[in-house]
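Scroll down for the structure; my scribbles are underneath it.
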Amino acid sequence: MTSRPIALVTGASRGIGAAVARSLSETHDVLLGGRDEQALRQTAQQLPGAQPWPAELTDYDGIAEAAAGIEHLDVLVHSAGMVEIGSVSETDVDSWRRTFELNLFAVTELTRTLLPALRAASGHVVLINSGAGLSAKPNWGSYAASKFALRAYADVLRAEEAANGIRVTSVFPGRVATDMQRAVRESEGGEFQPENYLSPESVAEPVVTTVRSGSDAHMTEIVLRPNS
């Protein structure tokens with residue numbers, strides 16, 4: 001790492017996380033968080049100052065070990081997530097647990113672990129939420145509930161850490177042309193039409209804008225929708 005500010009981006013091997021990491025690498029040294037170490041290494045080779053940070057986000061002992069050497073962190077972007085589509089009558093408790101484990105609990109624990117480093121830098125936490133975190137629709141019960149909870153968590157974190165200079169931003173994109181969206185459309189029995197969705201880069205742009213904004217500005221929520 002250099003003297004540039006440091007950012008950690010989860011879900012950085014693909015999709016929104018990879019797009020955010022690429023954009024942030026212009027001004028930050030980026031730790032690329034994710035499970036696919038090979039993909040992370042390939043991405044790191046393309047980005048100046050980037051390093052892979054392979055981790056299973058739901059292995060909390062492993063996360064604590066991986067984060068132990070981070071003493072100063074300017075930006076933490078939570079982009080990793082999952083979705084399982086199904087009606088409430090079909091979605092069993094294990095599905096609810098899996099969804100909340102990654103979409104909420106992994107976020108809260110990684111943030112808690114890194115709070116000393118974020119406080120040291122008066123850092124910025126960005127949570128990639130979803131339109132489902134603002135409006136719940138049929139068959140999206142467990143996912144929407146996890147994202148509503150993530151929004152509440154962001155609000156509490158923002159209020160509690162304001163005195164430490166930490167900014168917290170929730171980002172609520174609509175459908176994005178990612179591998180996860182492709183799987184969602186397959187589950188819904190629909191066609192994957194990337195031209196009708198947001199691109200990962202279009203989501204990354206406002207994320208990076210808020211991260212780079214002056215210390216007098218605090219974008220608390222960003223809502224994005226496809227233009228088609």
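We name chains A, B, ... following the order of the structure tokens; residues begin at 1 in each chain, and ligands are numbered from 1 as shown.
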Problem set entry | Who sits within 12 Å of Glu109 (chain A), only C-alpha atoms, same chain under 4 positions skipped, as a ChimeraX atom specification | /A:57-64,67,78,101-105,113-115,153
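Comparing A:Leu32, A:Ala120, A:Ile128, A:Leu198 by their smallest distance to Gly49 (chain A), the closest is A:Leu32 (using only C-alpha atoms).
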Problem set entry | DSSP strand (DSSP E or B) residues within region 57-220 of chain A, listed as a PyMOL selection string | chain A and resi 75-78+86+124-128+140+167-173+176+198
Those same residues - C-alpha atoms - I'd like them written as an mmCIF file, in the first residue's frame.
```cif
data_model
loop_
_atom_site.group_PDB
_atom_site.id
_atom_site.type_symbol
_atom_site.label_atom_id
_atom_site.label_comp_id
_atom_site.auth_asym_id
_atom_site.auth_seq_id
_atom_site.Cartn_x
_atom_site.Cartn_y
_atom_site.Cartn_z
ATOM 1 C CA VAL A 75 -13.600 3.658 2.917
ATOM 2 C CA LEU A 76 -15.574 0.459 3.443
ATOM 3 C CA VAL A 77 -17.973 -0.519 0.643
ATOM 4 C CA HIS A 78 -20.339 -3.420 1.318
ATOM 5 C CA GLY A 86 -39.813 -17.402 -3.604
ATOM 6 C CA HIS A 124 -16.865 6.419 5.053
ATOM 7 C CA VAL A 125 -19.097 3.337 5.008
ATOM 8 C CA VAL A 126 -21.125 2.697 1.842
ATOM 9 C CA LEU A 127 -23.811 0.025 1.858
ATOM 10 C CA ILE A 128 -25.064 -1.192 -1.519
ATOM 11 C CA TRP A 140 -38.971 -11.077 -2.604
ATOM 12 C CA ARG A 167 -20.078 9.089 7.127
ATOM 13 C CA VAL A 168 -22.585 6.379 6.152
ATOM 14 C CA THR A 169 -24.289 6.174 2.761
ATOM 15 C CA SER A 170 -27.003 3.760 1.632
ATOM 16 C CA VAL A 171 -27.302 3.171 -2.121
ATOM 17 C CA PHE A 172 -30.599 1.858 -3.506
ATOM 18 C CA PRO A 173 -30.182 0.752 -7.136
ATOM 19 C CA VAL A 176 -28.495 -3.995 -12.435
ATOM 20 C CA LEU A 198 -28.469 -0.209 -14.853
#
```
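Minimum atom-to-atom distances from A:Ala163, A:Ile16, A:Leu24, A:Met180 to Arg212 (chain A) were compared using only C-alpha atoms, and the lowest value belongs to A:Leu24.
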